[in-house]
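Trainee: Next up, entry.pdb (PDB, C-alpha atoms).
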ATOM      1  CA  MET A 531      41.898  94.988  96.300
ATOM      2  CA  ASN A 532      38.934  97.311  96.208
ATOM      3  CA  SER A 533      36.467  97.818  93.437
ATOM      4  CA  ILE A 534      36.280 101.127  91.592
ATOM      5  CA  GLY A 535      32.879 101.508  93.210
ATOM      6  CA  GLU A 536      32.977 101.174  97.018
ATOM      7  CA  GLU A 537      29.608  99.448  97.077
ATOM      8  CA  CYS A 538      30.882  96.711  94.736
ATOM      9  CA  THR A 539      33.925  95.662  96.776
ATOM     10  CA  GLU A 540      32.195  92.806  98.625
ATOM     11  CA  LEU A 541      30.792  91.378  95.384
ATOM     12  CA  LYS A 542      34.165  91.788  93.720
ATOM     13  CA  LYS A 543      35.905  89.832  96.489
ATOM     14  CA  LYS A 544      33.405  86.989  96.206
ATOM     15  CA  TYR A 545      33.817  86.914  92.439
ATOM     16  CA  ASP A 546      37.635  87.082  92.626
ATOM     17  CA  ASP A 547      37.708  84.133  95.058
ATOM     18  CA  CYS A 548      35.533  82.121  92.680
ATOM     19  CA  PHE A 549      37.613  83.112  89.654
ATOM     20  CA  ASN A 550      40.947  82.260  91.309
ATOM     21  CA  SER A 551      39.667  78.782  92.229
ATOM     22  CA  TRP A 552      38.232  78.231  88.759
ATOM     23  CA  PHE A 553      41.412  79.469  87.055
ATOM     24  CA  SER A 554      43.761  77.210  89.057
ATOM     25  CA  GLU A 555      41.604  74.130  89.418
ATOM     26  CA  ARG A 556      39.699  74.079  86.143
ATOM     27  CA  PHE A 557      40.923  76.396  83.401
ATOM     28  CA  LEU A 558      44.642  75.634  83.746
ATOM     29  CA  LYS A 559      43.808  71.911  83.857
ATOM     30  CA  GLY A 560      41.947  71.977  80.549
ATOM     31  CA  ASP A 561      38.342  72.644  81.594
ATOM     32  CA  HIS A 562      37.186  75.634  79.549
ATOM     33  CA  ASP A 563      33.638  75.750  80.855
ATOM     34  CA  ASP A 564      33.280  79.157  82.504
ATOM     35  CA  SER A 565      29.838  78.676  84.040
ATOM     36  CA  MET A 566      31.175  78.035  87.562
ATOM     37  CA  CYS A 567      31.308  81.740  88.440
ATOM     38  CA  ALA A 568      28.668  82.984  85.998
ATOM     39  CA  GLY A 569      26.089  83.734  88.706
ATOM     40  CA  ILE A 570      28.237  85.906  90.963
ATOM     41  CA  PHE A 571      29.854  87.488  87.892
ATOM     42  CA  LYS A 572      26.512  88.763  86.605
ATOM     43  CA  VAL A 573      25.617  90.448  89.908
ATOM     44  CA  TYR A 574      29.112  91.905  90.260
ATOM     45  CA  GLN A 575      29.025  93.245  86.693
ATOM     46  CA  GLU A 576      25.726  95.063  87.207
ATOM     47  CA  CYS A 577      27.229  96.813  90.214
ATOM     48  CA  VAL A 578      30.382  97.795  88.305
ATOM     49  CA  LYS A 579      28.512  99.184  85.303
ATOM     50  CA  LYS A 580      26.462 101.354  87.652
ATOM     51  CA  ALA A 581      29.582 102.597  89.458
ATOM     52  CA  MET A 582      31.237 103.452  86.143
ATOM     53  CA  LYS A 583      28.218 105.554  85.134
ATOM     54  CA  GLN A 584      28.309 107.349  88.474
ATOM     55  CA  GLN A 585      31.986 108.152  88.022
ATOM     56  CA  SER A 586      31.446 109.190  84.381
ATOM     57  CA  ILE A 587      33.864 106.628  83.009
ATOM     58  CA  ASP A 588      33.253 106.475  79.287
ATOM     59  CA  PHE A 589      32.286 102.987  78.125
ATOM     60  CA  LYS A 590      33.288 103.741  74.558
ATOM     61  CA  GLU A 591      36.777 104.727  75.683
ATOM     62  CA  VAL A 592      37.080 101.539  77.716
ATOM     63  CA  ASP A 593      35.951  99.291  74.878
ATOM     64  CA  LYS A 594      37.955 100.876  72.110
ATOM     65  CA  ASP A 595      41.049  98.974  70.935
ATOM     66  CA  VAL A 596      44.125 101.170  70.641
ATOM     67  CA  LEU A 597      47.190  98.934  70.765
ATOM     68  CA  GLY A 598      47.683  97.028  67.549
ATOM     69  CA  THR A 599      45.460  99.381  65.544
ATOM     70  CA  ASP A 600      46.106 102.676  63.741
ATOM     71  CA  ASN A 601      44.860 104.553  66.791
ATOM     72  CA  GLU A 602      48.040 103.529  68.603
ATOM     73  CA  PHE A 603      49.925 106.226  66.689
ATOM     74  CA  LYS A 604      47.366 109.017  67.129
ATOM     75  CA  VAL A 605      47.164 111.581  69.919
ATOM     76  CA  PRO A 606      44.243 110.718  72.193
ATOM     77  CA  PRO A 607      41.232 113.023  71.641
ATOM     78  CA  SER A 608      40.739 115.658  74.337
ATOM     79  CA  GLU A 609      37.724 114.893  76.481
ATOM     80  CA  SER A 610      34.984 117.270  77.625
ATOM     81  CA  SER A 611      35.184 116.337  81.311
ATOM     82  CA  SER A 612      38.407 115.984  83.298
TER      83      SER A 612
ATOM     84  CA  MET B1114      57.512 109.487  72.429
ATOM     85  CA  LYS B1115      59.667 107.165  74.460
ATOM     86  CA  ILE B1116      59.822 103.377  74.275
ATOM     87  CA  TRP B1117      60.963 101.181  77.142
ATOM     88  CA  THR B1118      61.418  97.414  77.068
ATOM     89  CA  SER B1119      62.558  94.884  79.626
ATOM     90  CA  GLU B1120      62.953  91.117  80.146
ATOM     91  CA  HIS B1121      62.989  89.122  83.371
ATOM     92  CA  THR B1122      63.028  85.449  84.380
ATOM     93  CA  PHE B1123      60.988  84.008  87.233
ATOM     94  CA  ASN B1124      62.235  80.719  88.684
ATOM     95  CA  HIS B1125      58.708  79.365  88.750
ATOM     96  CA  PRO B1126      56.609  77.483  86.205
ATOM     97  CA  TRP B1127      54.275  79.462  83.964
ATOM     98  CA  GLU B1128      51.088  78.184  85.683
ATOM     99  CA  THR B1129      52.298  79.538  89.062
ATOM    100  CA  VAL B1130      53.170  82.935  87.577
ATOM    101  CA  ALA B1131      49.815  83.153  85.745
ATOM    102  CA  GLN B1132      47.914  82.499  88.981
ATOM    103  CA  ALA B1133      50.043  85.049  90.830
ATOM    104  CA  ALA B1134      49.406  87.618  88.086
ATOM    105  CA  TRP B1135      45.656  87.542  88.812
ATOM    106  CA  ARG B1136      46.326  87.916  92.553
ATOM    107  CA  LYS B1137      48.878  90.688  92.107
ATOM    108  CA  TYR B1138      46.914  93.469  93.839
ATOM    109  CA  PRO B1139      46.968  94.660  96.499
ATOM    110  CA  ASN B1140      50.654  94.371  97.264
ATOM    111  CA  PRO B1141      53.065  96.614  99.124
ATOM    112  CA  MET B1142      55.109  97.460  96.015
ATOM    113  CA  ASN B1143      52.250  99.083  94.097
ATOM    114  CA  PRO B1144      50.391 101.255  96.621
ATOM    115  CA  ALA B1145      49.207 103.603  93.851
ATOM    116  CA  VAL B1146      46.697 101.056  92.515
ATOM    117  CA  VAL B1147      43.465 101.800  94.357
ATOM    118  CA  GLY B1148      40.848  99.789  92.466
ATOM    119  CA  ILE B1149      40.453  97.086  89.821
ATOM    120  CA  ASP B1150      37.309  95.694  88.256
ATOM    121  CA  VAL B1151      36.631  93.099  85.596
ATOM    122  CA  VAL B1152      34.353  94.661  82.995
ATOM    123  CA  ASP B1153      34.272  91.677  80.638
ATOM    124  CA  ARG B1154      35.523  88.098  80.660
ATOM    125  CA  LYS B1155      34.895  85.102  78.413
ATOM    126  CA  VAL B1156      36.524  81.927  77.140
ATOM    127  CA  VAL B1157      36.671  81.789  73.330
ATOM    128  CA  ASP B1158      38.246  78.764  71.596
ATOM    129  CA  GLY B1159      40.045  77.787  74.783
ATOM    130  CA  ILE B1160      41.523  81.250  75.351
ATOM    131  CA  LEU B1161      40.485  83.347  78.350
ATOM    132  CA  HIS B1162      39.812  86.968  77.322
ATOM    133  CA  THR B1163      39.561  89.510  80.130
ATOM    134  CA  HIS B1164      38.979  93.247  80.136
ATOM    135  CA  ARG B1165      39.730  95.120  83.365
ATOM    136  CA  LEU B1166      39.529  98.711  84.494
ATOM    137  CA  VAL B1167      42.363  99.774  86.796
ATOM    138  CA  SER B1168      42.271 102.963  88.819
ATOM    139  CA  SER B1169      45.435 104.361  90.348
ATOM    140  CA  LYS B1170      46.391 107.494  92.192
ATOM    141  CA  TRP B1171      49.103 109.492  90.455
ATOM    142  CA  PHE B1172      51.142 111.977  92.441
ATOM    143  CA  PHE B1173      52.899 114.525  90.281
ATOM    144  CA  PRO B1174      56.002 116.512  91.203
ATOM    145  CA  ARG B1175      55.157 120.014  92.369
ATOM    146  CA  TRP B1176      56.211 121.768  89.183
ATOM    147  CA  ALA B1177      53.708 119.695  87.160
ATOM    148  CA  GLN B1178      50.884 120.211  89.621
ATOM    149  CA  ALA B1179      49.995 123.665  88.270
ATOM    150  CA  LEU B1180      49.241 122.005  84.933
ATOM    151  CA  ILE B1181      47.770 118.699  85.984
ATOM    152  CA  GLY B1182      46.754 118.935  89.628
ATOM    153  CA  THR B1183      48.061 117.457  92.858
ATOM    154  CA  ALA B1184      46.884 113.879  92.950
ATOM    155  CA  LYS B1185      44.595 112.376  90.411
ATOM    156  CA  ILE B1186      42.731 109.140  90.034
ATOM    157  CA  CYS B1187      43.659 107.848  86.600
ATOM    158  CA  TYR B1188      41.952 104.997  84.853
ATOM    159  CA  ALA B1189      43.609 102.425  82.656
ATOM    160  CA  SER B1190      42.068  99.779  80.461
ATOM    161  CA  GLU B1191      43.768  96.369  80.562
ATOM    162  CA  LYS B1192      42.937  93.689  77.991
ATOM    163  CA  SER B1193      44.470  90.253  78.426
ATOM    164  CA  GLU B1194      44.520  86.774  76.919
ATOM    165  CA  VAL B1195      45.506  83.548  78.650
ATOM    166  CA  ASN B1196      46.238  80.554  76.392
ATOM    167  CA  PRO B1197      46.827  77.514  78.625
ATOM    168  CA  ASN B1198      47.689  75.217  75.689
ATOM    169  CA  GLU B1199      50.460  77.476  74.398
ATOM    170  CA  ARG B1200      51.230  78.608  77.999
ATOM    171  CA  GLU B1201      51.060  82.248  77.045
ATOM    172  CA  MET B1202      49.590  85.188  78.965
ATOM    173  CA  THR B1203      49.576  88.663  77.462
ATOM    174  CA  LEU B1204      48.277  91.853  79.071
ATOM    175  CA  LYS B1205      47.909  95.160  77.232
ATOM    176  CA  THR B1206      47.230  98.300  79.239
ATOM    177  CA  SER B1207      46.541 101.803  78.042
ATOM    178  CA  ASN B1208      45.418 104.738  80.115
ATOM    179  CA  LEU B1209      42.203 106.484  79.242
ATOM    180  CA  THR B1210      41.906 110.116  78.190
ATOM    181  CA  PHE B1211      41.017 111.142  81.741
ATOM    182  CA  CYS B1212      44.739 111.671  82.112
ATOM    183  CA  ARG B1213      44.643 114.073  79.244
ATOM    184  CA  TYR B1214      48.222 114.896  78.438
ATOM    185  CA  ILE B1215      49.729 111.513  78.938
ATOM    186  CA  ALA B1216      49.338 108.367  76.869
ATOM    187  CA  VAL B1217      50.907 105.232  78.275
ATOM    188  CA  ASP B1218      50.556 101.945  76.437
ATOM    189  CA  GLU B1219      52.090  98.898  78.033
ATOM    190  CA  THR B1220      52.310  95.241  76.941
ATOM    191  CA  VAL B1221      53.301  92.516  79.416
ATOM    192  CA  LYS B1222      53.827  88.903  78.339
ATOM    193  CA  TYR B1223      54.438  85.768  80.436
ATOM    194  CA  THR B1224      55.674  82.640  78.607
ATOM    195  CA  PRO B1225      57.742  79.574  79.550
ATOM    196  CA  HIS B1226      61.429  80.445  79.361
ATOM    197  CA  PRO B1227      62.825  79.273  75.988
ATOM    198  CA  SER B1228      65.852  77.631  77.662
ATOM    199  CA  ASP B1229      64.007  76.149  80.637
ATOM    200  CA  PRO B1230      60.263  75.341  80.523
ATOM    201  CA  ALA B1231      60.170  75.138  84.335
ATOM    202  CA  LYS B1232      60.891  78.874  84.429
ATOM    203  CA  THR B1233      58.872  81.825  83.154
ATOM    204  CA  LEU B1234      60.001  84.687  80.959
ATOM    205  CA  LEU B1235      58.449  88.115  81.439
ATOM    206  CA  THR B1236      58.787  90.651  78.622
ATOM    207  CA  GLN B1237      57.511  94.197  79.006
ATOM    208  CA  GLU B1238      57.198  97.078  76.619
ATOM    209  CA  ALA B1239      55.861 100.543  77.349
ATOM    210  CA  VAL B1240      55.351 103.484  75.010
ATOM    211  CA  VAL B1241      55.020 106.870  76.684
ATOM    212  CA  THR B1242      53.785 109.947  74.839
ATOM    213  CA  VAL B1243      53.368 113.323  76.494
ATOM    214  CA  GLN B1244      51.977 116.172  74.446
ATOM    215  CA  GLY B1245      50.542 119.593  74.981
ATOM    216  CA  VAL B1246      52.590 120.526  78.057
ATOM    217  CA  PRO B1247      55.982 122.255  78.289
ATOM    218  CA  LEU B1248      58.977 120.001  78.837
ATOM    219  CA  SER B1249      57.141 117.073  77.227
ATOM    220  CA  SER B1250      60.275 115.057  76.727
ATOM    221  CA  TYR B1251      61.338 115.688  80.339
ATOM    222  CA  MET B1252      57.985 114.361  81.484
ATOM    223  CA  GLU B1253      58.320 111.399  79.157
ATOM    224  CA  ASP B1254      61.668 110.609  80.795
ATOM    225  CA  LEU B1255      60.129 110.979  84.226
ATOM    226  CA  LEU B1256      57.283 108.649  83.345
ATOM    227  CA  THR B1257      59.571 106.132  81.670
ATOM    228  CA  ASN B1258      61.727 106.091  84.786
ATOM    229  CA  LYS B1259      58.601 105.639  86.851
ATOM    230  CA  ILE B1260      57.554 102.735  84.645
ATOM    231  CA  SER B1261      61.006 101.215  85.018
ATOM    232  CA  LEU B1262      60.794 101.636  88.799
ATOM    233  CA  ASN B1263      57.287 100.213  88.856
ATOM    234  CA  ALA B1264      58.345  97.316  86.651
ATOM    235  CA  GLY B1265      60.953  96.391  89.214
ATOM    236  CA  LYS B1266      58.274  96.643  91.888
ATOM    237  CA  GLY B1267      55.872  94.674  89.725
ATOM    238  CA  ARG B1268      58.353  91.822  89.435
ATOM    239  CA  GLN B1269      58.970  91.949  93.171
ATOM    240  CA  ALA B1270      55.217  91.955  93.658
ATOM    241  CA  ILE B1271      54.780  88.750  91.654
ATOM    242  CA  GLU B1272      57.623  87.067  93.568
ATOM    243  CA  TRP B1273      56.076  88.282  96.794
ATOM    244  CA  VAL B1274      52.649  86.871  95.925
ATOM    245  CA  ILE B1275      54.182  83.526  94.857
ATOM    246  CA  GLY B1276      56.180  83.394  98.090
ATOM    247  CA  LYS B1277      53.110  84.075 100.183
ATOM    248  CA  LEU B1278      51.021  81.517  98.314
ATOM    249  CA  ASP B1279      53.741  78.863  98.727
ATOM    250  CA  SER B1280      54.206  79.373 102.453
ATOM    251  CA  GLU B1281      50.477  79.645 103.121
ATOM    252  CA  ILE B1282      49.850  76.389 101.286
ATOM    253  CA  LYS B1283      52.607  74.596 103.256
ATOM    254  CA  GLU B1284      51.334  75.900 106.579
ATOM    255  CA  LEU B1285      47.777  74.929 105.816
ATOM    256  CA  ALA B1286      48.760  71.448 104.649
ATOM    257  CA  ASN B1287      50.463  70.970 108.021
ATOM    258  CA  THR B1288      47.370  71.959 109.957
ATOM    259  CA  ALA B1289      45.251  69.714 107.704
ATOM    260  CA  CYS B1290      42.886  72.403 106.558
ATOM    261  CA  LYS B1291      40.014  70.818 104.667
ATOM    262  CA  SER B1292      37.707  73.282 103.001
ATOM    263  CA  THR B1293      38.656  75.610 100.103
ATOM    264  CA  ASP B1294      36.884  78.507 101.863
ATOM    265  CA  GLU B1295      39.106  78.213 104.909
ATOM    266  CA  LEU B1296      42.193  78.029 102.684
ATOM    267  CA  LEU B1297      41.262  81.206 100.838
ATOM    268  CA  SER B1298      40.273  83.237 103.899
ATOM    269  CA  GLN B1299      43.412  82.194 105.821
ATOM    270  CA  THR B1300      45.593  83.276 102.899
ATOM    271  CA  LYS B1301      43.758  86.571 102.688
ATOM    272  CA  LYS B1302      44.138  87.301 106.415
ATOM    273  CA  SER B1303      47.900  86.777 106.339
ATOM    274  CA  LEU B1304      48.274  88.765 103.111
ATOM    275  CA  ASP B1305      46.342  91.671 104.691
ATOM    276  CA  ASP B1306      48.571  91.637 107.782
ATOM    277  CA  ILE B1307      51.760  91.603 105.733
ATOM    278  CA  THR B1308      50.462  94.328 103.409
ATOM    279  CA  ILE B1309      49.820  96.731 106.320
ATOM    280  CA  THR B1310      53.381  96.385 107.673
ATOM    281  CA  ALA B1311      54.988  96.614 104.230
ATOM    282  CA  ARG B1312      52.801  99.557 103.227
ATOM    283  CA  ARG B1313      54.272 101.624 106.072
ATOM    284  CA  SER B1314      57.781 101.044 104.673
ATOM    285  CA  MET B1315      56.566 101.845 101.152
ATOM    286  CA  ASP B1316      55.100 105.169 102.352
ATOM    287  CA  ASP B1317      58.482 105.990 103.808
ATOM    288  CA  ILE B1318      60.193 105.177 100.485
ATOM    289  CA  SER B1319      57.590 107.278  98.602
ATOM    290  CA  THR B1320      58.246 110.277 100.835
ATOM    291  CA  LYS B1321      61.994 110.001 100.257
ATOM    292  CA  ALA B1322      61.488 109.646  96.489
ATOM    293  CA  LYS B1323      59.229 112.719  96.454
ATOM    294  CA  ARG B1324      61.923 114.716  98.232
ATOM    295  CA  SER B1325      64.423 113.646  95.550
ATOM    296  CA  LEU B1326      62.056 114.773  92.776
ATOM    297  CA  ASP B1327      61.675 118.159  94.503
ATOM    298  CA  ASP B1328      65.459 118.453  94.668
ATOM    299  CA  ILE B1329      65.708 117.680  90.941
ATOM    300  CA  GLU B1330      63.199 120.438  90.254
ATOM    301  CA  LYS B1331      65.102 122.954  92.408
ATOM    302  CA  PHE B1332      68.297 122.064  90.520
ATOM    303  CA  ARG B1333      66.560 122.416  87.165
ATOM    304  CA  LYS B1334      65.116 125.787  88.154
ATOM    305  CA  SER B1335      68.447 127.142  89.378
ATOM    306  CA  ASN B1336      70.077 125.983  86.127
ATOM    307  CA  ALA B1337      67.375 127.706  84.071
ATOM    308  CA  ASN B1338      67.901 130.915  86.080
ATOM    309  CA  GLN B1339      71.628 130.827  85.488
ATOM    310  CA  ARG B1340      71.128 130.482  81.751
ATOM    311  CA  SER B1341      68.649 133.346  81.400
TER     312      SER B1341
END
Go ahead and render the structure in this file as structure tokens.
Mentor:
Amino acid sequence: MNSIGEECTELKKKYDDCFNSWFSERFLKGDHDDSMCAGIFKVYQECVKKAMKQQSIDFKEVDKDVLGTDNEFKVPPSESSS
Amino acid sequence: MKIWTSEHTFNHPWETVAQAAWRKYPNPMNPAVVGIDVVDRKVVDGILHTHRLVSSKWFFPRWAQALIGTAKICYASEKSEVNPNEREMTLKTSNLTFCRYIAVDETVKYTPHPSDPAKTLLTQEAVVTVQGVPLSSYMEDLLTNKISLNAGKGRQAIEWVIGKLDSEIKELANTACKSTDELLSQTKKSLDDITITARRSMDDISTKAKRSLDDIEKFRKSNANQRS
């Protein structure tokens, strides 16, 4: 699966491999320490945040909770760009 | 506003389904998903919280294209929690306002089946709201049907991923593969090969489905003409 930013796909694949191993071999077996993939995650994240800016994806929209709050029942606000 | 719910049982334990859920894309049943990224992830009190951004390509039937455009990359925000002690995994997805007229909020939950803990129960709920365009309720029906169709594909996708993982693991055990790296890259290679072949069949199915939607539109138009 590709990243939203083409340039981040390699980093994403490396991170996903690490995460899948950690999830199966550690997290599901009771080890909640998530430092195993912290290094590659940081680099991957920096790339993603940059790609999101380039594609004008609104961080506030992404972070806002809608389900389970009052906003779930409101019409989404119209945005300036499309 | 239209609400759609569904339940399904996988004949696999919850841990297997949870692992398959993270490996769900790419798969031949969901060719519309073109990109996924993790934008936040942390373990808090033993629960894994993840926030992902999913981009997918939406193709609209021709009559809607004048309003919305031909194909569009739409972004959705997916927030999930995995609780390994309770064996519960919940994913909530809502699309962002880039797809202006359409609000889709979906909740997907994987838990051990109440009658058989060796199986997994999947419950899904989607709320579709279309506003500001003519024939809103028609579009809501269309989208709800699409969600229902995709849900079937989604379930097939999970089964498909589990099947591939199972057979890859057996094959590799036979050839006595030692390192984790080799295991992962072998799995990936076979998954890629299978995806290419299956994608060709999926394209064929998409083309046929598009033709059906066009036919529905022609029928609707001719009905409207008769009435006026």
Trainee: Suppose a student applies the PyMOL selection byres ((chain A and resi 560) around 12) to this structure; what residues should they get, written as a count of residues only?
Mentor: 22
Trainee: For this structure, which residues satisfy the selection - the PyMOL selection byres ((chain B and resi 1238) around 12) - when it is evaluated on the file as given? I want them as a CSV table (one decimal) with C-alpha atoms, in the frame of the given file.
Mentor:
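The new file part_9.csv reads:
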chain,number,residue,atom,x,y,z
A,597,LEU,CA,47.2,98.9,70.8
B,1115,LYS,CA,59.7,107.2,74.5
B,1116,ILE,CA,59.8,103.4,74.3
B,1117,TRP,CA,61.0,101.2,77.1
B,1118,THR,CA,61.4,97.4,77.1
B,1119,SER,CA,62.6,94.9,79.6
B,1120,GLU,CA,63.0,91.1,80.1
B,1121,HIS,CA,63.0,89.1,83.4
B,1203,THR,CA,49.6,88.7,77.5
B,1204,LEU,CA,48.3,91.9,79.1
B,1205,LYS,CA,47.9,95.2,77.2
B,1206,THR,CA,47.2,98.3,79.2
B,1207,SER,CA,46.5,101.8,78.0
B,1217,VAL,CA,50.9,105.2,78.3
B,1218,ASP,CA,50.6,101.9,76.4
B,1219,GLU,CA,52.1,98.9,78.0
B,1220,THR,CA,52.3,95.2,76.9
B,1221,VAL,CA,53.3,92.5,79.4
B,1222,LYS,CA,53.8,88.9,78.3
B,1235,LEU,CA,58.4,88.1,81.4
B,1236,THR,CA,58.8,90.7,78.6
B,1237,GLN,CA,57.5,94.2,79.0
B,1239,ALA,CA,55.9,100.5,77.3
B,1240,VAL,CA,55.4,103.5,75.0
B,1241,VAL,CA,55.0,106.9,76.7
B,1257,THR,CA,59.6,106.1,81.7
B,1260,ILE,CA,57.6,102.7,84.6
B,1261,SER,CA,61.0,101.2,85.0
B,1264,ALA,CA,58.3,97.3,86.7
Trainee: Could you tell me which residues the PyMOL selection byres ((chain B) within 6 of (chain A)) returns for this structure, as an NGL selection string?
Mentor: :B and (1138-1139 or 1148-1150 or 1159 or 1190 or 1197 or 1211)
Trainee: Between CA of Leu1255 (chain B) and CA of Arg1268 (chain B), measure the distance and give it in Å to one decimal.
Mentor: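 Atom-to-atom, CA of Leu1255 (chain B) to CA of Arg1268 (chain B), that is 19.9 Å.
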Trainee: I'd like the interatomic distance between CA of Met1114 (chain B) and CA of Ala1270 (chain B), to a tenth of an Å.
Mentor: 27.6 Å
Trainee: Go ahead and compute the interatomic distance for CA of Tyr1223 (chain B) and CA of Cys1187 (chain B), in Å to one decimal.
Mentor: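 Distance between the two atoms: 25.3 Å.
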